[in-house]
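Student: If it helps, the file is called entry-v6.txt and holds compact mmCIF, C-alpha atoms:
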# COMPACT_ATOMS: atom_id res chain seq x y z
CA MET A 1 114.48 84.30 19.68
CA ASP A 2 114.12 88.04 19.25
CA LEU A 3 115.28 90.72 21.73
CA LYS A 4 111.76 91.35 23.09
CA LYS A 5 111.39 87.77 24.33
CA ILE A 6 114.78 87.82 26.07
CA ALA A 7 113.82 91.02 28.01
CA GLN A 8 110.55 89.42 29.23
CA GLN A 9 112.38 86.35 30.62
CA ASN A 10 114.86 88.51 32.64
CA ILE A 11 112.23 90.31 34.80
CA ASP A 12 111.08 87.06 36.59
CA MET A 13 112.10 87.33 40.29
CA ASP A 14 112.94 84.48 42.66
CA MET A 15 110.65 85.12 45.70
CA THR A 16 112.07 82.33 47.86
CA PRO A 17 114.78 84.35 49.73
CA MET A 18 112.31 87.16 50.49
CA ILE A 19 109.76 84.74 51.93
CA ASP A 20 112.54 83.14 53.97
CA CYS A 21 113.47 86.54 55.41
CA VAL A 22 109.85 87.43 56.21
CA PHE A 23 109.38 84.15 58.07
CA LEU A 24 112.61 84.66 60.01
CA LEU A 25 111.48 88.18 61.02
CA MET A 26 108.09 86.85 62.12
CA ILE A 27 109.72 84.18 64.27
CA PHE A 28 112.04 86.80 65.79
CA PHE A 29 109.21 89.15 66.78
CA VAL A 30 107.01 86.36 68.11
CA LEU A 31 109.83 85.25 70.40
CA VAL A 32 110.87 88.74 71.47
CA ILE A 33 107.39 90.05 72.35
CA ASP A 34 107.02 90.42 76.12
CA LEU A 35 104.27 88.07 77.21
CA SER A 36 104.81 88.88 80.87
CA GLN A 37 102.82 92.11 80.46
CA LYS A 38 99.70 90.47 79.14
CA ASN A 39 98.12 90.04 82.55
CA LEU A 40 98.63 93.69 83.49
CA GLU A 41 95.62 95.92 82.96
CA ASP A 42 96.05 99.53 81.94
CA LEU A 43 95.66 101.14 85.36
CA ILE A 44 96.99 104.24 87.04
CA LEU A 45 98.56 103.12 90.28
CA PRO A 46 99.19 105.33 93.31
CA ARG A 47 102.70 106.74 93.41
CA ALA A 48 105.08 105.16 95.91
CA GLU A 49 106.79 108.02 97.70
CA PHE A 50 109.55 105.98 99.27
CA GLN A 51 109.54 102.36 98.11
CA GLU A 52 112.01 101.22 95.50
CA PRO A 53 111.05 99.36 92.33
CA ASP A 54 110.65 95.61 92.48
CA ASP A 55 113.38 94.69 89.99
CA THR A 56 113.21 90.96 90.55
CA PRO A 57 109.55 90.02 90.90
CA PRO A 58 108.96 86.40 91.91
CA ASP A 59 108.29 84.00 89.04
CA ASN A 60 104.68 82.99 88.45
CA ARG A 61 103.35 85.52 90.96
CA PRO A 62 99.57 85.74 90.51
CA ILE A 63 98.42 89.27 89.68
CA ILE A 64 94.89 90.41 90.49
CA ASN A 65 93.85 93.62 88.72
CA VAL A 66 91.08 95.79 90.15
CA LEU A 67 89.45 98.46 88.00
CA GLN A 68 87.90 101.69 89.29
CA ASN A 69 84.43 100.15 89.32
CA GLY A 70 85.64 97.24 91.47
CA SER A 71 85.88 94.69 88.64
CA VAL A 72 88.44 91.98 89.33
CA ILE A 73 90.45 90.91 86.29
CA TYR A 74 92.79 87.94 86.14
CA ASN A 75 94.66 87.09 82.94
CA GLN A 76 92.44 89.52 81.02
CA ASP A 77 89.25 87.74 82.15
CA VAL A 78 86.66 89.69 84.13
CA VAL A 79 86.10 87.40 87.11
CA TYR A 80 84.03 89.69 89.30
CA ASP A 81 82.06 92.76 88.31
CA PRO A 82 79.87 94.52 90.89
CA THR A 83 77.97 96.29 88.11
CA ASP A 84 76.99 93.02 86.38
CA PRO A 85 74.35 90.98 88.28
CA ALA A 86 75.72 87.76 86.76
CA LYS A 87 79.22 88.43 88.12
CA SER A 88 78.57 90.32 91.33
CA ASN A 89 78.87 87.37 93.71
CA ILE A 90 81.83 87.63 96.10
CA ALA A 91 82.16 83.84 95.93
CA LEU A 92 83.60 84.30 92.44
CA ILE A 93 86.68 85.99 93.95
CA LYS A 94 87.14 83.14 96.39
CA GLY A 95 86.69 80.65 93.54
CA LEU A 96 89.38 82.45 91.56
CA LEU A 97 91.83 82.38 94.47
CA LYS A 98 91.14 78.72 95.21
CA GLY A 99 91.62 77.95 91.51
CA ILE A 100 95.00 79.73 91.50
CA ARG A 101 96.01 77.74 94.59
CA GLU A 102 94.98 74.38 93.17
CA LYS A 103 96.50 75.05 89.75
CA GLY A 104 99.77 76.17 91.32
CA LEU A 105 99.94 73.15 93.60
CA SER A 106 99.23 70.66 90.85
CA ALA A 107 101.68 72.23 88.35
CA ILE A 108 104.89 70.35 87.60
CA PRO A 109 107.05 71.70 89.18
CA PRO A 110 104.61 73.36 91.63
CA THR A 111 104.43 77.12 91.33
CA ILE A 112 102.84 77.44 94.76
CA HIS A 113 104.42 76.15 97.94
CA LEU A 114 102.67 75.57 101.24
CA LYS A 115 104.02 76.32 104.68
CA GLU A 116 102.66 75.24 108.04
CA GLU A 117 102.06 78.31 110.16
CA LYS A 118 100.53 78.82 113.55
CA VAL A 119 97.55 81.14 113.26
CA GLY A 120 96.31 81.95 116.73
CA ALA A 121 95.86 78.59 118.43
CA ARG A 122 95.63 76.61 115.18
CA THR A 123 98.06 75.51 112.56
CA ALA A 124 97.15 76.11 108.94
CA MET A 125 98.75 75.31 105.59
CA LEU A 126 99.39 78.75 104.15
CA ILE A 127 100.77 79.70 100.76
CA ASP A 128 104.37 80.81 101.05
CA ASP A 129 104.33 82.68 97.74
CA PRO A 130 103.09 86.25 97.31
CA ILE A 131 100.06 87.48 95.41
CA LEU A 132 99.99 90.98 93.92
CA ILE A 133 96.93 93.22 93.95
CA ARG A 134 97.07 95.98 91.31
CA ALA A 135 94.30 98.48 91.71
CA ASP A 136 93.62 101.84 90.14
CA LYS A 137 94.42 104.69 92.53
CA TRP A 138 90.74 105.74 92.53
CA THR A 139 89.35 102.30 93.34
CA GLU A 140 87.29 102.30 96.52
CA TRP A 141 89.25 100.53 99.24
CA HIS A 142 86.46 98.16 100.23
CA TYR A 143 86.93 96.26 96.95
CA ILE A 144 90.58 95.62 97.80
CA GLY A 145 89.65 94.86 101.39
CA GLU A 146 87.23 92.20 100.17
CA ILE A 147 89.95 90.54 98.08
CA MET A 148 92.30 90.59 101.08
CA LYS A 149 89.56 89.06 103.20
CA GLN A 150 89.08 86.27 100.69
CA CYS A 151 92.87 85.73 100.55
CA SER A 152 92.86 85.13 104.31
CA GLN A 153 90.20 82.40 104.21
CA PRO A 154 91.57 79.09 105.60
CA ASP A 155 90.95 77.18 102.37
CA VAL A 156 92.67 79.88 100.31
CA GLY A 157 95.61 80.85 102.51
CA PHE A 158 97.33 83.63 100.57
CA TRP A 159 98.91 85.45 103.48
CA LYS A 160 101.61 87.34 101.58
CA VAL A 161 99.54 90.01 99.87
CA GLU A 162 101.44 92.71 98.01
CA LEU A 163 99.88 96.03 97.00
CA ALA A 164 101.17 97.46 93.74
CA MET A 165 102.30 101.06 93.54
CA SER A 166 104.09 102.93 90.80
CA GLU A 167 107.28 104.98 90.55
CA GLN A 168 105.38 107.68 88.75
CA ASP A 169 101.79 108.85 88.97
CA LYS A 170 100.71 108.91 85.33
CA GLU A 171 97.77 111.16 86.23
CA THR A 172 99.77 113.94 87.88
CA GLY A 173 103.25 113.19 86.50
CA GLN A 174 104.79 113.16 90.00
CA LYS A 175 107.71 110.79 90.51
CA ASN A 176 109.05 108.68 93.35
CA LYS A 177 111.48 110.65 95.57
CA LYS A 178 114.19 108.04 95.10
CA ILE A 179 114.22 108.30 91.31
CA GLN A 180 113.89 112.07 90.98
CA MET B 1 55.40 43.27 187.38
CA THR B 2 58.57 41.40 188.53
CA ALA B 3 62.06 42.89 188.48
CA LEU B 4 63.03 40.64 185.58
CA GLU B 5 60.18 41.87 183.49
CA ASP B 6 61.25 45.48 184.24
CA ALA B 7 64.80 44.77 183.07
CA GLN B 8 63.60 43.15 179.82
CA GLU B 9 61.55 46.21 178.98
CA GLU B 10 64.53 48.55 179.49
CA VAL B 11 66.79 46.85 176.90
CA LYS B 12 64.42 47.64 173.99
CA PRO B 13 66.15 50.52 172.28
CA ASP B 14 64.36 53.07 170.14
CA MET B 15 65.59 52.23 166.61
CA THR B 16 64.04 55.22 164.91
CA PRO B 17 66.95 57.70 165.16
CA MET B 18 69.43 55.05 164.17
CA ILE B 19 67.39 54.13 161.14
CA ASP B 20 67.11 57.83 160.31
CA VAL B 21 70.86 58.23 160.56
CA VAL B 22 71.48 55.06 158.53
CA PHE B 23 69.14 56.24 155.81
CA LEU B 24 70.83 59.63 155.80
CA MET B 25 74.20 57.92 155.47
CA ILE B 26 72.90 55.66 152.67
CA ILE B 27 71.57 58.70 150.83
CA PHE B 28 74.87 60.52 151.38
CA PHE B 29 76.98 57.66 150.04
CA ILE B 30 74.64 57.02 147.12
CA CYS B 31 75.00 60.64 146.15
CA ILE B 32 78.77 60.53 146.49
CA ASP B 33 78.91 57.36 144.38
CA PHE B 34 76.82 58.97 141.65
CA LYS B 35 79.22 61.87 141.40
CA VAL B 36 82.18 59.52 141.06
CA LEU B 37 80.30 57.52 138.43
CA GLU B 38 79.41 60.61 136.47
CA SER B 39 83.04 61.43 135.93
CA LYS B 40 83.69 57.84 134.87
CA LEU B 41 80.93 57.74 132.29
CA PRO B 42 82.34 57.50 128.76
CA ALA B 43 81.70 60.62 126.72
CA TYR B 44 82.28 60.93 123.01
CA LEU B 45 83.00 64.60 122.58
CA PRO B 46 84.04 66.43 119.42
CA LYS B 47 87.75 67.05 119.09
CA ASP B 48 89.05 70.55 119.63
CA LYS B 49 88.98 72.13 116.21
CA GLY B 50 87.05 75.34 116.38
CA SER B 51 87.57 76.62 119.85
CA GLN B 52 90.79 78.21 120.90
CA SER B 53 92.49 76.56 123.81
CA ASP B 54 95.45 78.93 123.85
CA VAL B 55 95.18 82.39 125.25
CA ILE B 56 96.31 84.97 122.73
CA GLU B 57 97.74 87.96 124.44
CA PRO B 58 96.71 91.35 123.09
CA VAL B 59 99.48 93.08 121.16
CA GLU B 60 100.02 96.79 121.33
CA GLN B 61 99.58 98.41 117.92
CA LEU B 62 99.49 101.93 116.60
CA SER B 63 96.12 102.77 115.09
CA ILE B 64 96.15 104.82 111.89
CA GLY B 65 92.61 105.78 110.92
CA VAL B 66 91.92 106.93 107.36
CA TYR B 67 88.76 109.00 106.92
CA VAL B 68 87.22 110.93 104.06
CA GLU B 69 86.92 114.68 104.54
CA ALA B 70 85.60 115.42 101.04
CA ALA B 71 84.48 112.63 98.72
CA GLY B 72 85.56 114.47 95.56
CA THR B 73 84.05 114.73 92.10
CA PRO B 74 84.78 112.22 89.33
CA GLU B 75 85.86 113.81 86.05
CA TYR B 76 85.48 111.68 82.92
CA PRO B 77 87.09 112.45 79.54
CA PRO B 78 85.04 114.76 77.29
CA ASN B 79 81.84 113.23 75.85
CA VAL B 80 82.12 110.19 78.13
CA LYS B 81 79.68 109.30 80.86
CA LYS B 82 79.85 106.80 83.69
CA GLY B 83 79.72 103.19 82.48
CA ASP B 84 80.83 103.91 78.87
CA LEU B 85 83.29 101.36 77.54
CA ASN B 86 86.60 102.30 75.98
CA PRO B 87 86.55 100.75 72.48
CA ASN B 88 90.33 100.17 72.61
CA ASN B 89 90.33 97.78 75.56
CA LYS B 90 86.62 97.11 76.20
CA ARG B 91 87.02 98.37 79.75
CA PRO B 92 85.06 101.23 81.36
CA PHE B 93 86.62 104.67 80.89
CA ARG B 94 88.54 105.73 83.95
CA TYR B 95 87.93 109.00 85.72
CA LYS B 96 90.04 111.44 87.71
CA LEU B 97 88.81 112.26 91.18
CA LEU B 98 88.99 115.98 91.83
CA ASN B 99 89.01 117.67 95.25
CA HIS B 100 89.18 114.42 97.19
CA LYS B 101 90.39 115.11 100.72
CA THR B 102 91.46 112.67 103.37
CA ARG B 103 91.92 112.94 107.10
CA TRP B 104 94.18 110.66 109.09
CA GLU B 105 94.12 109.89 112.78
CA VAL B 106 97.49 108.66 113.92
CA GLY B 107 96.69 107.50 117.43
CA PRO B 108 94.42 110.28 118.69
CA LYS B 109 96.05 113.00 116.55
CA PRO B 110 94.09 114.23 113.50
CA LEU B 111 96.19 115.10 110.42
CA PHE B 112 95.14 116.47 107.05
CA ASP B 113 98.16 115.90 104.82
CA ILE B 114 100.15 112.77 103.99
CA LYS B 115 103.39 114.71 104.65
CA GLU B 116 102.23 115.34 108.22
CA VAL B 117 101.40 111.63 108.54
CA GLU B 118 104.91 110.72 107.36
CA LYS B 119 106.50 113.04 109.94
CA GLU B 120 104.24 111.85 112.76
CA LEU B 121 104.92 108.19 111.99
CA GLU B 122 108.67 108.80 111.89
CA LYS B 123 108.43 110.58 115.25
CA ILE B 124 106.44 107.72 116.78
CA ALA B 125 108.78 105.09 115.34
CA LYS B 126 111.80 106.80 116.96
CA ALA B 127 110.14 107.19 120.39
CA PRO B 128 111.38 104.66 122.99
CA GLU B 129 107.82 104.04 124.23
CA SER B 130 106.98 102.57 120.80
CA GLN B 131 109.30 99.65 121.49
CA ILE B 132 107.59 96.48 122.68
CA PRO B 133 109.08 93.15 123.84
CA ASP B 134 110.02 90.79 121.01
CA LYS B 135 109.10 87.25 122.02
CA VAL B 136 111.25 85.70 119.29
CA THR B 137 114.57 87.39 120.04
CA GLY B 138 113.86 88.34 123.65
CA GLY B 139 114.83 91.93 122.87
CA LYS B 140 112.73 94.87 121.80
CA LYS B 141 111.07 95.74 118.52
CA LEU B 142 108.94 98.49 117.05
CA MET B 143 105.25 97.91 117.63
CA GLY B 144 103.06 97.06 114.66
CA CYS B 145 100.48 99.38 113.19
CA VAL B 146 96.96 98.87 111.92
CA ILE B 147 95.59 100.96 109.07
CA GLU B 148 91.86 101.37 109.52
CA ALA B 149 90.28 102.55 106.28
CA HIS B 150 86.82 103.99 106.74
CA THR B 151 83.86 104.48 104.43
CA GLY B 152 84.60 106.09 101.09
CA THR B 153 88.39 105.79 101.23
CA PHE B 154 90.29 104.90 98.08
CA TYR B 155 93.23 102.65 97.28
CA GLU B 156 95.39 105.78 96.88
CA ASP B 157 94.70 106.86 100.49
CA VAL B 158 95.48 103.48 102.01
CA ALA B 159 98.47 102.61 99.81
CA LYS B 160 100.14 105.96 100.56
CA THR B 161 99.54 105.45 104.28
CA ALA B 162 101.14 101.99 104.08
CA ASP B 163 104.03 103.51 102.09
CA ALA B 164 104.59 106.16 104.79
CA ALA B 165 104.34 103.59 107.60
CA HIS B 166 106.86 101.28 105.93
CA ASN B 167 109.22 104.19 105.33
CA ALA B 168 108.99 105.18 109.00
CA GLY B 169 110.19 101.69 109.96
CA PHE B 170 106.97 99.85 110.71
CA LEU B 171 107.44 96.30 109.45
CA GLU B 172 104.22 94.83 110.77
CA ILE B 173 101.41 96.64 108.93
CA ASN B 174 97.91 95.30 109.40
CA PHE B 175 94.71 96.36 107.73
CA GLY B 176 91.62 96.72 109.90
CA GLY B 177 88.50 98.77 110.20
CA GLY B 178 86.37 96.25 108.35
CA LEU B 179 86.46 96.59 104.59
CA GLY B 180 86.45 100.34 104.45
CA GLY B 181 82.69 100.33 104.19
CA MET B 182 80.43 100.97 101.23
CA LYS B 183 79.54 104.51 100.30
Re-express the file's structure as structure tokens.

Tutor:
Amino acid sequence: MDLKKIAQQNIDMDMTPMIDCVFLLMIFFVLVIDLSQKNLEDLILPRAEFQEPDDTPPDNRPIINVLQNGSVIYNQDVVYDPTDPAKSNIALIKGLLKGIREKGLSAIPPTIHLKEEKVGARTAMLIDDPILIRADKWTEWHYIGEIMKQCSQPDVGFWKVELAMSEQDKETGQKNKKIQ
Amino acid sequence: MTALEDAQEEVKPDMTPMIDVVFLMIIFFICIDFKVLESKLPAYLPKDKGSQSDVIEPVEQLSIGVYVEAAGTPEYPPNVKKGDLNPNNKRPFRYKLLNHKTRWEVGPKPLFDIKEVEKELEKIAKAPESQIPDKVTGGKKLMGCVIEAHTGTFYEDVAKTADAAHNAGFLEINFGGGLGGMK
């Protein structure tokens, strides 16, 4: 064997440890990525002047996003869109809310809990868990009002409706008084 | 005519008034009986589901009206027009609303700045006449308030009003005034 052949054999690399490391890194990043943000649309919320941040949001709280044009988005799906004739029926919002209720009740363990409450002269089974409405600051109020109206329907029963606000107005840069 | 014959004629009474009275009494009792029967008739009525049998007492609330003074002008990013989709997220481009002005009516008092609304709500919340009886504890509590958003108002207007009301101490915040109306 001459010297040239020996040199050629030495440059072969063992790729196995590098592939092992790459796979380990992939697994790490897949696990670390924050999936809780996936159902939050990129909106500019009104600035809360006084309220403090919600550090411990309830688990499995449904989040309804409302865009400036009134489109209702849940888990990245456009459920209702007033500008699209195929999706401009208000019943779609009610269907979404009823679907959230039924899915939450049938989950194991249930993510939605019912409570018997007296509403006027009647008793109704209302949802004891909150629902969050996140709307852009320049969304016309009647779109949010319609969602709240649908939430209050007897067969829906979301009576704890939360309105999302932000610590900082990303449009103007103004901050909440309590964090300044 | 003999005396006996005269006496026999006198004992014939006129039955007509008596029969009249008897018929009247029969009619009276028949009518009375019918009324009693009516109440005894079985009736299969729908159960009380829709109607309210309880009386709900009106509750005193502070009315906070939100009105639009100037609708404002939407400003889109350069070279973007209404309805264009953002290629990054496939959502419509958002706009800034310039020169949008709101007017509030806290009770009968018109206000033109959210700071004034905050001060007015704090003043009302501290006033003793804003305390109403609390049926649960038997004591007193601050009355609730209802935010009435009118045509053309935005989420920003209503959310800031709710923020100010909550900061002033109002715990019972209701939303009224329909749905804010369509423009």

Student: If we count all atoms listed in the file, which residues of chain A reach to within 8 Å of chain B? Please list them as a PDB file with C-alpha atoms, in the frame of the given file.

Tutor:
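Written file, part33.pdb:
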ATOM      1  CA  LEU A  45      98.560 103.120  90.280  1.00  0.00           C
ATOM      2  CA  PRO A  46      99.190 105.330  93.310  1.00  0.00           C
ATOM      3  CA  ARG A  47     102.700 106.740  93.410  1.00  0.00           C
ATOM      4  CA  ALA A  48     105.080 105.160  95.910  1.00  0.00           C
ATOM      5  CA  GLU A  49     106.790 108.020  97.700  1.00  0.00           C
ATOM      6  CA  PHE A  50     109.550 105.980  99.270  1.00  0.00           C
ATOM      7  CA  GLN A  51     109.540 102.360  98.110  1.00  0.00           C
ATOM      8  CA  GLN A  68      87.900 101.690  89.290  1.00  0.00           C
ATOM      9  CA  GLY A 120      96.310  81.950 116.730  1.00  0.00           C
ATOM     10  CA  ALA A 121      95.860  78.590 118.430  1.00  0.00           C
ATOM     11  CA  ARG A 122      95.630  76.610 115.180  1.00  0.00           C
ATOM     12  CA  ALA A 135      94.300  98.480  91.710  1.00  0.00           C
ATOM     13  CA  ASP A 136      93.620 101.840  90.140  1.00  0.00           C
ATOM     14  CA  LYS A 137      94.420 104.690  92.530  1.00  0.00           C
ATOM     15  CA  TRP A 138      90.740 105.740  92.530  1.00  0.00           C
ATOM     16  CA  THR A 139      89.350 102.300  93.340  1.00  0.00           C
ATOM     17  CA  GLU A 140      87.290 102.300  96.520  1.00  0.00           C
ATOM     18  CA  TRP A 141      89.250 100.530  99.240  1.00  0.00           C
ATOM     19  CA  HIS A 142      86.460  98.160 100.230  1.00  0.00           C
ATOM     20  CA  TYR A 143      86.930  96.260  96.950  1.00  0.00           C
ATOM     21  CA  ILE A 144      90.580  95.620  97.800  1.00  0.00           C
ATOM     22  CA  GLY A 145      89.650  94.860 101.390  1.00  0.00           C
ATOM     23  CA  GLU A 146      87.230  92.200 100.170  1.00  0.00           C
ATOM     24  CA  LEU A 163      99.880  96.030  97.000  1.00  0.00           C
ATOM     25  CA  MET A 165     102.300 101.060  93.540  1.00  0.00           C
ATOM     26  CA  GLU A 171      97.770 111.160  86.230  1.00  0.00           C
TER      27      GLU A 171
END

Student: Between atom CA of Glu172 of chain B and atom CA of Met143 of chain B, what is the distance, to one decimal in Å?

Tutor: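 Separation between atom CA of Glu172 of chain B and atom CA of Met143 of chain B: 7.6 Å.
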
Student: Any idea what's packed within 12 Å of Asn39 of chain A, counting all atoms listed in the file, ignoring anything in its chain fewer than 6 positions away? Could you give it as a list in words?

Tutor: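 The neighbour list is Asn60, Arg61, Pro62, Ile63, Ile64, Asn65, Val66, Val72, Ile73, Tyr74, Asn75, Gln76, Asp77, Val78, Leu132, Ile133 and Arg134 of chain A.
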
Student: Mind pulling up the distance from atom CA of Met125 of chain A to atom CA of Pro154 of chain A?

Tutor: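 Distance between the two atoms: 8.1 Å.
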
Student: Could you please determine the separation between atom CA of Glu105 of chain B and atom CA of Ala127 of chain B in Å, to one decimal place?

Tutor: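 A separation of 17.9 Å between them.
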
Student: Determine, counting all atoms listed in the file, which protein, DNA and RNA residues have an atom within 7 Å of an atom of Ile112 of chain A; residues of the same chain fewer than 4 positions away are not included. Present the result as an mmCIF file with C-alpha atoms, in the frame of the given file.

Tutor:
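Writing the result to part-v9.cif gives the following:
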data_model
loop_
_atom_site.group_PDB
_atom_site.id
_atom_site.type_symbol
_atom_site.label_atom_id
_atom_site.label_comp_id
_atom_site.auth_asym_id
_atom_site.auth_seq_id
_atom_site.Cartn_x
_atom_site.Cartn_y
_atom_site.Cartn_z
ATOM 1 C CA ARG A 101 96.010 77.740 94.590
ATOM 2 C CA GLY A 104 99.770 76.170 91.320
ATOM 3 C CA LEU A 105 99.940 73.150 93.600
ATOM 4 C CA ILE A 127 100.770 79.700 100.760
ATOM 5 C CA ASP A 129 104.330 82.680 97.740
#

Student: Please identify all polymer residues within 10 Å of Ser88 of chain A, counting only C-alpha atoms, omitting same-chain residues fewer than 6 positions from it, and present them as JSON, numbers by chain.

Tutor: {"A": [70, 71, 79, 80, 81, 82]}

Student: Name the closest residue to Pro110 of chain A among the candidates A:Asp42, A:Asp155, A:Asp59, A:Asp84; distances are taken between atoms, counting all atoms listed in the file.

Tutor: A:Asp59
